[in-house]
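Colleague: Coordinates in upload.cif, mmCIF, C-alpha atoms and all ligand atoms, are listed below.
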```cif
data_entry
#
loop_
_atom_site.label_atom_id
_atom_site.label_comp_id
_atom_site.auth_asym_id
_atom_site.auth_seq_id
_atom_site.Cartn_x
_atom_site.Cartn_y
_atom_site.Cartn_z
CA MET A 197 113.90 138.32 79.77
CA ALA A 198 110.50 137.25 78.41
CA GLU A 199 109.18 139.37 75.53
CA LYS A 200 105.51 138.63 76.05
CA LYS A 201 103.31 138.95 79.10
CA GLN A 202 102.70 135.53 80.66
CA ILE A 203 99.97 136.03 83.25
CA PHE A 204 98.95 139.68 82.84
CA GLY A 205 96.45 140.58 80.09
CA THR A 206 95.48 143.96 78.66
CA ASN A 207 94.03 145.16 81.96
CA GLY A 208 95.93 143.32 84.67
CA VAL A 209 95.88 139.70 85.74
CA ARG A 210 92.53 137.95 86.19
CA GLY A 211 91.27 134.47 86.94
CA VAL A 212 88.73 132.34 88.77
CA VAL A 213 89.28 132.53 92.52
CA GLY A 214 90.58 129.28 93.98
CA ASP A 215 91.65 128.15 90.52
CA SER A 216 94.15 130.40 88.68
CA MET A 217 93.57 133.36 91.02
CA THR A 218 94.88 132.53 94.47
CA PRO A 219 96.13 134.35 97.58
CA GLY A 220 99.55 132.81 96.90
CA LEU A 221 99.75 134.40 93.45
CA VAL A 222 98.60 137.79 94.77
CA LEU A 223 101.16 137.65 97.59
CA ARG A 224 103.90 137.07 94.99
CA ILE A 225 102.55 139.98 92.90
CA GLY A 226 102.76 142.11 96.06
CA GLN A 227 106.37 141.08 96.67
CA ALA A 228 107.36 141.73 93.03
CA LEU A 229 105.58 145.09 92.93
CA GLY A 230 107.08 146.15 96.25
CA ALA A 231 110.59 145.24 95.04
CA MET A 232 110.07 147.15 91.79
CA ARG A 233 108.32 150.24 93.19
CA PRO A 234 109.59 150.59 96.77
CA GLY A 235 107.94 153.18 99.00
CA THR A 236 104.32 153.73 99.97
CA VAL A 237 101.75 151.86 97.88
CA ALA A 238 98.02 152.66 97.86
CA ILE A 239 95.67 149.72 97.40
CA GLY A 240 91.93 149.26 96.93
CA ARG A 241 89.38 146.71 95.88
CA ASP A 242 85.98 146.28 94.26
CA THR A 243 83.09 144.55 96.09
CA ARG A 244 83.80 140.90 95.21
CA THR A 245 83.53 138.34 98.03
CA SER A 246 87.17 137.37 97.40
CA GLY A 247 88.32 140.99 97.79
CA PRO A 248 89.23 140.84 101.49
CA VAL A 249 91.22 137.59 101.15
CA LEU A 250 93.21 138.83 98.17
CA THR A 251 93.72 142.23 99.76
CA HIS A 252 95.30 140.59 102.81
CA ALA A 253 97.60 138.58 100.51
CA LEU A 254 98.59 141.70 98.55
CA LYS A 255 99.37 143.60 101.76
CA ALA A 256 101.40 140.70 103.12
CA GLY A 257 103.53 140.65 99.96
CA LEU A 258 104.09 144.40 99.91
CA MET A 259 104.86 144.70 103.62
CA ALA A 260 107.13 141.65 103.60
CA VAL A 261 109.50 143.49 101.24
CA GLY A 262 109.34 146.69 103.27
CA CYS A 263 106.61 148.75 101.58
CA GLN A 264 104.21 150.92 103.56
CA VAL A 265 100.60 150.18 102.56
CA VAL A 266 97.73 152.68 102.50
CA ASP A 267 94.48 150.71 102.20
CA CYS A 268 91.75 152.81 100.58
CA GLY A 269 89.17 150.03 100.98
CA VAL A 270 86.33 149.62 98.48
CA LEU A 271 86.46 152.21 95.71
CA PRO A 272 86.33 152.49 91.88
CA THR A 273 89.55 151.82 89.93
CA PRO A 274 89.65 155.43 88.61
CA ALA A 275 89.34 156.68 92.21
CA LEU A 276 92.45 154.70 93.21
CA GLN A 277 94.25 155.97 90.10
CA TYR A 278 93.34 159.56 91.03
CA ILE A 279 94.58 159.04 94.60
CA VAL A 280 97.85 157.41 93.50
CA ARG A 281 98.78 160.08 90.97
CA ASP A 282 101.82 162.08 92.10
CA THR A 283 101.29 160.94 95.71
CA PHE A 284 102.26 157.26 96.00
CA ALA A 285 105.05 155.08 94.62
CA ALA A 286 102.42 152.85 92.98
CA GLY A 287 98.93 151.46 93.43
CA ALA A 288 97.28 148.06 93.17
CA MET A 289 93.59 147.39 92.71
CA ILE A 290 91.99 144.04 93.49
CA THR A 291 89.31 143.80 90.80
CA ALA A 292 88.07 141.71 87.90
CA SER A 293 86.22 144.66 86.33
CA HIS A 294 83.27 143.35 84.26
CA ASN A 295 83.97 139.62 84.78
CA PRO A 296 81.47 137.40 86.64
CA PRO A 297 81.52 137.13 90.47
CA GLU A 298 83.80 134.06 90.62
CA TYR A 299 86.66 136.04 89.03
CA ASN A 300 89.09 138.44 90.62
CA GLY A 301 92.42 139.98 89.70
CA VAL A 302 94.95 142.75 90.14
CA LYS A 303 95.46 145.96 88.18
CA ILE A 304 98.76 147.75 88.83
CA VAL A 305 98.77 151.56 88.87
CA GLU A 306 101.90 153.62 88.21
CA ARG A 307 102.90 156.80 90.05
CA ASP A 308 101.36 158.90 87.23
CA GLY A 309 97.97 157.23 87.74
CA THR A 310 98.05 155.15 84.53
CA GLU A 311 97.90 151.37 84.41
CA MET A 312 101.30 149.74 84.23
CA GLY A 313 102.52 149.39 80.62
CA ASP A 314 103.62 146.24 78.78
CA THR A 315 107.39 146.62 79.29
CA GLU A 316 107.07 147.18 83.04
CA VAL A 317 104.54 144.36 83.41
CA ILE A 318 106.98 141.96 81.71
CA ALA A 319 109.69 143.13 84.15
CA LEU A 320 107.30 142.64 87.09
CA GLU A 321 106.41 139.13 85.92
CA GLY A 322 110.13 138.36 85.61
CA ARG A 323 110.67 139.32 89.24
CA LEU A 324 107.64 137.27 90.25
CA PHE A 325 108.76 134.11 88.42
CA ARG A 326 112.34 134.40 89.73
CA ASP A 327 111.25 135.42 93.27
CA GLU A 328 113.48 138.43 92.75
CA HIS A 329 112.95 140.43 95.92
CA VAL A 330 114.58 140.86 99.30
CA LEU A 331 112.50 139.98 102.32
CA ALA A 332 112.81 142.62 105.02
CA ASP A 333 114.05 141.66 108.47
CA TRP A 334 112.03 142.32 111.62
CA ARG A 335 113.02 145.99 111.71
CA GLY A 336 112.35 146.68 108.03
CA LEU A 337 108.85 145.24 107.58
CA GLY A 338 106.21 147.60 106.21
CA THR A 339 103.22 148.92 108.10
CA GLU A 340 99.64 149.47 107.00
CA GLN A 341 97.21 152.29 107.41
CA ALA A 342 93.48 152.34 106.60
CA ALA A 343 92.43 155.40 104.60
CA PRO A 344 88.81 154.98 103.46
CA GLU A 345 88.43 158.78 103.49
CA LEU A 346 90.81 159.25 100.53
CA VAL A 347 87.98 158.46 98.09
CA GLU A 348 86.61 161.92 98.90
CA ARG A 349 89.58 163.41 97.04
CA TYR A 350 88.33 161.70 93.91
CA ILE A 351 84.77 163.01 94.28
CA ASP A 352 86.08 166.52 94.99
CA GLY A 353 88.43 166.23 92.00
CA ILE A 354 85.52 165.53 89.65
CA LEU A 355 83.29 168.24 91.14
CA ALA A 356 86.06 170.81 90.56
CA HIS A 357 85.53 170.44 86.77
CA PHE A 358 81.90 171.60 86.81
CA PRO A 359 79.93 174.72 87.79
CA LYS A 360 78.28 174.42 91.20
CA GLU A 361 74.74 172.98 91.12
CA VAL A 362 74.94 172.31 87.36
CA GLY A 363 72.58 169.39 87.96
CA ALA A 364 69.92 171.37 89.85
CA GLY A 365 66.46 170.41 88.60
CA THR A 366 67.77 167.22 86.93
CA THR A 367 66.53 163.81 88.05
CA VAL A 368 68.90 160.89 87.37
CA ALA A 369 68.80 157.13 87.98
CA VAL A 370 72.02 155.33 88.93
CA ASP A 371 72.85 151.59 88.78
CA PRO A 372 76.28 150.93 90.32
CA GLY A 373 75.60 147.20 89.97
CA SER A 374 76.40 146.55 93.68
CA GLY A 375 79.97 147.59 92.83
CA PRO A 376 82.26 150.25 94.33
CA ALA A 377 80.52 153.14 92.54
CA SER A 378 77.71 152.53 95.07
CA LEU A 379 79.91 154.66 97.33
CA THR A 380 80.74 157.40 94.79
CA THR A 381 78.44 158.06 91.80
CA PRO A 382 75.13 158.65 93.67
CA ALA A 383 76.93 160.99 96.11
CA LEU A 384 78.76 162.75 93.27
CA LEU A 385 75.60 163.43 91.25
CA ALA A 386 73.71 164.53 94.37
CA ARG A 387 76.48 167.02 95.13
CA MET A 388 76.07 168.39 91.57
CA GLY A 389 72.49 169.24 92.55
CA CYS A 390 70.70 166.27 90.97
CA GLU A 391 67.81 164.34 92.46
CA VAL A 392 69.26 160.82 92.49
CA HIS A 393 67.38 157.49 92.42
CA THR A 394 69.51 154.38 92.88
CA ILE A 395 69.11 150.69 92.06
CA ASN A 396 71.68 147.98 93.00
CA GLY A 397 73.23 150.67 95.18
CA GLU A 398 74.54 148.57 98.10
CA PRO A 399 78.04 147.05 97.80
CA ASP A 400 77.47 143.28 97.45
CA GLY A 401 79.92 140.75 95.98
CA THR A 402 77.13 138.29 95.23
CA PHE A 403 75.76 140.81 92.71
CA PRO A 404 72.10 140.04 93.49
CA GLY A 405 70.63 142.53 90.97
CA ARG A 406 72.78 142.05 87.88
CA LEU A 407 76.21 140.87 86.77
CA PRO A 408 79.18 143.30 86.74
CA GLU A 409 79.03 143.70 82.93
CA PRO A 410 76.36 146.37 82.24
CA THR A 411 74.40 144.78 79.38
CA GLU A 412 71.18 146.05 77.83
CA GLU A 413 69.41 142.99 79.29
CA GLY A 414 70.86 143.51 82.78
CA LEU A 415 69.88 147.18 82.75
CA ARG A 416 66.16 146.61 82.12
CA PRO A 417 65.34 147.44 85.78
CA LEU A 418 67.35 150.67 85.46
CA ALA A 419 65.40 151.55 82.30
CA GLU A 420 62.21 150.91 84.28
CA LEU A 421 63.44 153.20 87.07
CA VAL A 422 64.19 155.93 84.49
CA ARG A 423 60.64 155.76 83.18
CA GLU A 424 59.06 155.61 86.65
CA THR A 425 60.97 158.60 87.99
CA GLY A 426 60.98 160.67 84.78
CA ALA A 427 64.78 160.78 84.98
CA ALA A 428 66.80 162.64 82.36
CA PHE A 429 68.94 159.50 82.04
CA GLY A 430 70.08 156.36 83.78
CA VAL A 431 73.76 155.60 84.25
CA ALA A 432 75.32 152.22 85.06
CA HIS A 433 78.87 151.09 85.70
CA ASP A 434 80.88 147.93 85.19
CA GLY A 435 82.35 146.09 88.20
CA ASP A 436 85.11 148.62 88.90
CA ALA A 437 83.42 151.72 87.49
CA ASP A 438 86.02 152.76 84.96
CA ARG A 439 83.22 152.53 82.40
CA ALA A 440 79.79 154.17 82.34
CA VAL A 441 76.87 153.32 80.05
CA PHE A 442 73.59 155.19 79.70
CA ILE A 443 69.84 154.71 79.38
CA ASP A 444 68.13 157.67 77.70
CA ASP A 445 65.03 159.51 78.99
CA ARG A 446 62.82 157.16 76.95
CA GLY A 447 64.33 154.08 78.63
CA ARG A 448 66.49 153.04 75.67
CA TYR A 449 70.05 151.71 75.99
CA VAL A 450 72.50 154.19 74.44
CA GLU A 451 75.01 152.31 72.27
CA GLU A 452 78.45 153.17 73.69
CA ASN A 453 79.89 154.62 70.46
CA ARG A 454 77.01 157.12 70.54
CA GLU A 455 77.78 157.95 74.16
CA PHE A 456 81.45 158.46 73.19
CA ALA A 457 80.46 160.75 70.29
CA LEU A 458 78.10 162.91 72.40
CA ILE A 459 80.55 163.40 75.24
CA ALA A 460 83.54 163.88 72.91
CA ARG A 461 81.60 166.55 71.00
CA HIS A 462 80.86 168.36 74.26
CA VAL A 463 84.48 168.28 75.40
CA CYS A 464 85.90 169.14 71.95
CA GLN A 465 83.71 172.22 71.58
CA ARG A 466 86.06 173.94 74.02
CA ARG A 467 89.20 171.83 73.95
CA LYS A 468 90.98 171.41 70.60
CA GLY A 469 93.50 168.82 69.55
CA VAL A 470 93.71 165.10 68.87
CA ILE A 471 90.99 162.60 69.84
CA VAL A 472 92.69 159.28 70.62
CA THR A 473 90.75 156.03 70.23
CA PRO A 474 91.30 152.40 69.15
CA VAL A 475 90.81 151.31 65.53
CA SER A 476 87.61 149.51 66.60
CA THR A 477 85.69 152.74 67.30
CA SER A 478 82.77 153.96 65.17
CA GLN A 479 83.35 156.64 62.52
CA LEU A 480 80.97 158.79 64.59
CA ILE A 481 84.16 160.02 66.23
CA GLU A 482 85.49 161.17 62.83
CA ASP A 483 82.31 163.22 62.38
CA VAL A 484 82.80 164.76 65.84
CA ALA A 485 86.40 165.62 65.00
CA ALA A 486 85.42 167.22 61.69
CA ALA A 487 82.65 169.25 63.34
CA THR A 488 84.80 170.55 66.18
CA GLY A 489 88.09 171.19 64.36
CA CYS A 490 89.86 168.23 65.96
CA THR A 491 91.63 165.20 64.46
CA VAL A 492 91.53 161.45 65.25
CA LYS A 493 94.51 159.26 66.07
CA TYR A 494 93.92 155.50 66.15
CA THR A 495 95.63 153.09 68.53
CA ARG A 496 95.68 149.36 69.15
CA VAL A 497 92.62 148.02 70.96
CA GLY A 498 93.00 148.52 74.73
CA SER A 499 92.49 151.53 76.99
CA ILE A 500 96.09 151.51 78.15
CA TYR A 501 97.27 152.15 74.57
CA VAL A 502 94.86 155.06 74.34
CA ALA A 503 96.10 156.56 77.63
CA ARG A 504 99.78 156.09 76.77
CA THR A 505 99.30 157.56 73.27
CA MET A 506 97.60 160.61 74.80
CA LEU A 507 100.53 161.09 77.18
CA GLY A 508 103.04 160.58 74.34
CA LEU A 509 101.38 163.25 72.17
CA ILE A 510 101.34 165.72 75.06
CA ALA A 511 105.01 165.01 75.80
CA ALA A 512 105.71 165.80 72.11
CA GLY A 513 103.92 169.15 72.47
CA ILE A 514 100.82 168.07 70.53
CA PRO A 515 97.52 169.11 72.16
CA VAL A 516 95.14 166.28 73.05
CA ALA A 517 91.41 166.96 73.22
CA PHE A 518 89.89 163.69 74.36
CA GLY A 519 90.30 159.93 74.40
CA GLY A 520 88.42 156.72 74.96
CA GLU A 521 86.85 153.58 73.60
CA GLY A 522 83.46 152.77 72.12
CA ASN A 523 82.62 150.67 75.20
CA GLY A 524 81.83 153.45 77.67
CA GLY A 525 85.45 153.87 78.82
CA LEU A 526 86.20 157.57 78.36
CA ILE A 527 89.39 159.48 79.19
CA PHE A 528 89.24 163.20 80.07
CA PRO A 529 92.75 164.65 79.71
CA ASP A 530 92.14 167.64 81.98
CA HIS A 531 91.10 165.19 84.74
CA GLN A 532 93.31 162.09 84.50
CA PHE A 533 94.75 159.65 81.95
CA CYS A 534 92.57 156.64 82.57
CA ARG A 535 88.98 155.62 81.89
CA ASP A 536 86.69 157.18 84.47
CA GLY A 537 83.04 156.14 84.86
CA GLY A 538 82.24 158.74 87.55
CA MET A 539 83.68 161.58 85.47
CA THR A 540 81.67 160.30 82.48
CA ALA A 541 78.40 160.30 84.48
CA ALA A 542 79.11 163.82 85.76
CA THR A 543 79.89 165.11 82.26
CA MET A 544 76.56 163.83 80.95
CA ILE A 545 74.83 166.19 83.42
CA GLU A 546 76.69 169.10 81.86
CA VAL A 547 76.02 167.86 78.29
CA LEU A 548 72.27 167.98 78.95
CA ALA A 549 72.36 171.23 80.94
CA GLU A 550 74.20 173.03 78.13
CA SER A 551 72.24 171.57 75.23
CA GLY A 552 68.85 172.04 76.91
CA ARG A 553 67.65 168.97 74.98
CA PRO A 554 66.70 165.45 76.09
CA LEU A 555 69.33 162.72 75.72
CA SER A 556 67.00 160.75 73.41
CA ALA A 557 66.94 163.67 70.93
CA LEU A 558 70.74 164.03 71.02
CA VAL A 559 71.15 160.30 70.36
CA ASP A 560 68.60 160.25 67.53
CA GLU A 561 70.28 163.15 65.73
CA LEU A 562 73.53 161.21 65.28
CA PRO A 563 74.01 159.52 61.87
CA PRO A 564 72.47 156.01 61.92
CA TYR A 565 75.62 154.10 60.98
CA HIS A 566 75.19 150.36 60.97
CA PHE A 567 77.75 148.21 62.80
CA ILE A 568 78.35 144.45 62.45
CA SER A 569 80.79 142.31 64.45
CA GLU A 570 81.77 138.70 63.69
CA ARG A 571 84.16 136.12 65.14
CA ILE A 572 85.84 133.79 62.66
CA ARG A 573 87.62 130.65 63.80
CA THR A 574 90.99 130.26 62.09
CA ARG A 575 94.47 129.03 62.86
CA ARG A 576 95.92 131.31 60.18
CA PRO A 577 95.03 134.83 61.37
CA ASP A 578 97.94 136.55 59.61
CA GLU A 579 97.01 135.00 56.27
CA VAL A 580 93.39 136.07 56.78
CA ILE A 581 94.43 139.65 57.44
CA ALA A 582 96.78 139.73 54.44
CA ALA A 583 94.15 138.20 52.11
CA VAL A 584 91.51 140.72 53.08
CA GLU A 585 93.87 143.65 52.73
CA ALA A 586 94.93 142.49 49.24
CA ALA A 587 91.31 142.15 48.13
CA PHE A 588 90.47 145.83 48.73
CA PRO A 589 93.23 147.77 46.93
CA ASP A 590 91.15 150.95 46.62
CA PHE A 591 90.60 151.17 50.40
CA SER A 592 93.07 152.93 52.68
CA ALA A 593 94.75 150.46 55.04
CA ASP A 594 95.70 151.26 58.65
CA ARG A 595 97.87 148.51 60.20
CA THR A 596 97.82 149.74 63.79
CA ASP A 597 96.06 146.56 65.00
CA GLY A 598 95.31 143.94 62.32
CA VAL A 599 94.16 145.97 59.34
CA ARG A 600 91.52 148.68 59.20
CA LEU A 601 90.28 149.27 55.64
CA ALA A 602 88.38 152.47 54.94
CA LYS A 603 86.74 154.12 51.95
CA GLY A 604 84.13 156.86 52.17
CA LYS A 605 81.66 155.93 54.91
CA THR A 606 82.54 152.21 54.92
CA TRP A 607 85.28 150.62 57.00
CA ALA A 608 86.23 147.13 58.15
CA LEU A 609 88.63 146.00 60.86
CA ILE A 610 90.15 142.51 60.78
CA ARG A 611 92.27 141.70 63.81
CA ARG A 612 93.47 138.60 65.61
CA SER A 613 92.48 137.74 69.16
CA GLY A 614 95.28 137.69 71.72
CA THR A 615 93.82 134.69 73.53
CA GLU A 616 91.81 132.52 71.11
CA PRO A 617 92.32 131.04 67.59
CA ILE A 618 89.96 133.56 66.03
CA VAL A 619 89.94 136.78 64.06
CA ARG A 620 87.43 139.49 64.78
CA VAL A 621 85.78 141.22 61.86
CA MET A 622 84.07 144.55 62.45
CA VAL A 623 82.28 146.45 59.73
CA GLU A 624 80.53 149.80 59.77
CA ALA A 625 78.78 151.64 56.95
CA GLU A 626 76.17 154.30 56.30
CA ASP A 627 73.29 151.84 56.47
CA ARG A 628 72.52 148.18 57.00
CA ALA A 629 72.62 147.20 53.31
CA ALA A 630 76.06 148.75 52.79
CA ALA A 631 77.40 147.17 56.00
CA GLU A 632 76.11 143.71 55.06
CA ALA A 633 77.55 144.01 51.56
CA MET A 634 80.97 144.90 52.98
CA ARG A 635 80.81 142.12 55.56
CA ASP A 636 79.93 139.57 52.85
CA ALA A 637 82.81 140.80 50.67
CA VAL A 638 85.24 140.42 53.59
CA LEU A 639 83.95 136.99 54.60
CA LYS A 640 84.30 135.76 51.00
CA GLN A 641 88.05 136.38 51.29
CA VAL A 642 88.19 134.79 54.74
CA ALA A 643 86.21 131.62 53.92
CA PRO A 644 89.06 129.55 52.34
CA LEU A 645 91.22 130.17 55.44
CA THR A 646 88.79 129.27 58.24
CA GLY A 647 88.83 126.25 60.53
MG MG A 701 86.33 148.02 84.24
#
```
Before anything else, please render the file you have as structure tokens.
Modeller:
Amino acid sequence: MAEKKQIFGTNGVRGVVGDSMTPGLVLRIGQALGAMRPGTVAIGRDTRTSGPVLTHALKAGLMAVGCQVVDCGVLPTPALQYIVRDTFAAGAMITASHNPPEYNGVKIVERDGTEMGDTEVIALEGRLFRDEHVLADWRGLGTEQAAPELVERYIDGILAHFPKEVGAGTTVAVDPGSGPASLTTPALLARMGCEVHTINGEPDGTFPGRLPEPTEEGLRPLAELVRETGAAFGVAHDGDADRAVFIDDRGRYVEENREFALIARHVCQRRKGVIVTPVSTSQLIEDVAAATGCTVKYTRVGSIYVARTMLGLIAAGIPVAFGGEGNGGLIFPDHQFCRDGGMTAATMIEVLAESGRPLSALVDELPPYHFISERIRTRRPDEVIAAVEAAFPDFSADRTDGVRLAKGKTWALIRRSGTEPIVRVMVEAEDRAAAEAMRDAVLKQVAPLTG
């Protein structure tokens, strides 16, 4: 059996439609998934123009091997994960998340609502490459059922975590980016009592307003809407709404590590335990842990490693407080074990209601750590990592993913890319001068090994 994933990446399989992403491939994924997880499979899709074609292919594959299909239609990835959990044999989401409109892909969801892990994905790919499935005969073929109403379970599930009308008197601006959260986040926040203004709020796979990745540049119109309406904040999602990013009440983009810190602090004030996050996250999360009596556990980079580590700790009897990444993908363990953009937007309402302060003030009170990220071209990533580690003997070294060197308020992460001949260097320190000094010291070690 193969030991590495061949076509699946960290978050499913993705490609350009009509090139590496085809109905034929998705049909084979459906057959392999149906053979591996027989039973009733829930499926959904984001708003891409290729969504209907690939959905038909997925259904054909699943039904051909005898699975029953429940088609939830257009909905966020975390909504499908919530629906699948403990109810279906598996789930499959047709989405390319934050990628441009020409891309699409498939994310596989396990019965527990998490994304399928590496070992199972390798097994699924093996079945796909070997055509290892049994086609049903005419009596054994699966059937399909449309269930667009199931998304309401997800909205109700989020609302159940908050006091009724906690958003009363709060004005918010929402930018679902023409993605599936068009159908969930504005309705969710309205049901919390908020006055909701929406931009890019119609599902549209041509993405006329902005691309699926919510960048500071792409969110300028949302920032404008925040200022015009006097909103407490603006919230935007990526193309499948597992992430949420924010604009503060002054129209400024909130860097995602700051978002993570503010929401983690809110959750950890009442829920104690471990905060799980990748080694690439800002030390702001260490400050939050120290202030709330929690601890931090680092994982490899990738939300699935965060989710699986959280589940592993809980299975070992260790309490878990919170999890997530410094990219707006936050995991609320009392809700579900995957990134959830809708839950993140809803929690921000409660953060502001309880603090009684504007988001801009909360952001500005956080320590002004300075963060630098670089990409270095090299064909010798392991030597680069070893050289840097050896050059900083008085730093602690965490080898969870590449090496993360830390001393006082300065840390550096040097890790290889899974897909390109590069290493990524990330540095954070108390201020710009300290961060630049550390970056220069790291790059001095790297220089002889580049190219
Ligand atoms: Mg996403």
Colleague: Please give me, as a list of chain:residue names, the residues lying within 7 Å of ligand MG 701 (chain A) when counting all atoms listed in the file.
Modeller: A:Ser293, A:His294, A:Asp434, A:Gly435, A:Asp436, A:Ala437, A:Asp438, A:Arg439
Colleague: From the options A:Glu561, A:Asp578, A:Glu311, A:Glu413, which residue's atoms come nearest to A:Ser613, counting all atoms listed in the file?
Modeller: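 Answer, going by the shortest atom-to-atom distance: A:Asp578.
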Colleague: From the list A:Val559, A:Met544, A:Leu526, A:Ala485, which residue is nearest A:Arg467 when using only C-alpha atoms?
Modeller: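 Ranked by minimum distance to A:Arg467, first place goes to A:Ala485.
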Colleague: For atom CA of A:Glu361 and atom CA of A:Thr425, determine how far apart the two atoms are, in Å to one decimal place.
Modeller: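 Computed distance, atom CA of A:Glu361 to atom CA of A:Thr425, equals 20.2 Å.
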Colleague: Rounded to one decimal place, report the atom CA of A:Pro297-atom CA of A:Pro274 distance in Å.
Modeller: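 Computing the Euclidean distance for atom CA of A:Pro297 and atom CA of A:Pro274 yields 20.1 Å.
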Colleague: Step by step: start from the point (98.0, 161.0, 95.5) in the file's coordinates, keep every protein, DNA or RNA residue that has an atom no farther than 9 Å from it, count all atoms listed in the file, and write the set as a ChimeraX atom specification.
Modeller: /A:238,276-284,307,309,346,349
Colleague: Would you compute the box with edges along x, y and z of the file around stretch 300-311 of chain A, including every atom the file lists for it and 5 Å extra on each side, and give its centre and edge lengths in Å to one decimal, as lines of an AutoDock Vina configuration file?
Modeller:
```
center_x = 96.0
center_y = 148.7
center_z = 87.5
size_x = 23.8
size_y = 30.5
size_z = 16.2
```
Colleague: My list of candidates is A:Asp352, A:Glu482, A:Asp327, A:Asp308. Which is closest to A:Ala542 when distances are computed with only C-alpha atoms?
Modeller: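 The shortest atom-to-atom distance to A:Ala542 comes from A:Asp352.
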Colleague: Can you tell me which residues surround A:Glu298 at a distance of at most 10 Å, considering only C-alpha atoms, apart from same-chain residues fewer than 4 positions away, and format the answer as a PDB file with C-alpha atoms, keeping the file's coordinate frame?
Modeller:
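Output (out_30.pdb):
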```pdb
ATOM      1  CA  GLY A 211      91.270 134.470  86.940  1.00  0.00           C
ATOM      2  CA  VAL A 212      88.730 132.340  88.770  1.00  0.00           C
ATOM      3  CA  VAL A 213      89.280 132.530  92.520  1.00  0.00           C
ATOM      4  CA  GLY A 214      90.580 129.280  93.980  1.00  0.00           C
ATOM      5  CA  ASP A 215      91.650 128.150  90.520  1.00  0.00           C
ATOM      6  CA  MET A 217      93.570 133.360  91.020  1.00  0.00           C
ATOM      7  CA  ARG A 244      83.800 140.900  95.210  1.00  0.00           C
ATOM      8  CA  THR A 245      83.530 138.340  98.030  1.00  0.00           C
ATOM      9  CA  SER A 246      87.170 137.370  97.400  1.00  0.00           C
ATOM     10  CA  ALA A 292      88.070 141.710  87.900  1.00  0.00           C
ATOM     11  CA  GLY A 401      79.920 140.750  95.980  1.00  0.00           C
ATOM     12  CA  THR A 402      77.130 138.290  95.230  1.00  0.00           C
TER      13      THR A 402
END
```
Colleague: What separation in Å, quoted to one decimal, exists between atom CA of A:Arg576 and atom CA of A:Val642?
Modeller: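 Computed distance, atom CA of A:Arg576 to atom CA of A:Val642, equals 10.1 Å.
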Colleague: For A:Pro617, list every protein, DNA or RNA residue within 7 Å, evaluated using all atoms listed in the file, and leave out those in the same chain fewer than 4 positions away; present the list as a list of chain:residue names.
Modeller: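 Once the adjacent positions are removed, what remains is A:Arg573, A:Thr574, A:Arg575, A:Ser613.
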Colleague: Compare A:Gly336, A:Gly513, A:Gly525, A:Gly604 by their minimum atom-to-atom distance to A:Phe442, counting only C-alpha atoms, and give me the closest one.
Modeller: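 Of all the options, A:Gly525 lies closest to A:Phe442.
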Colleague: Smallest atom-to-atom distance to A:Pro272: which of A:Gly498, A:Gly208, A:Gly537, A:Pro248, using all atoms listed in the file?
Modeller: A:Gly537
Colleague: Applying 12 Å and only C-alpha atoms, which residues near A:Val492 remain after dropping the ones on its own chain fewer than 5 positions away? List them as a VMD selection string.
Modeller: chain A and resid 460 464 468 to 475 477 to 487 502 505 to 506 515 to 520
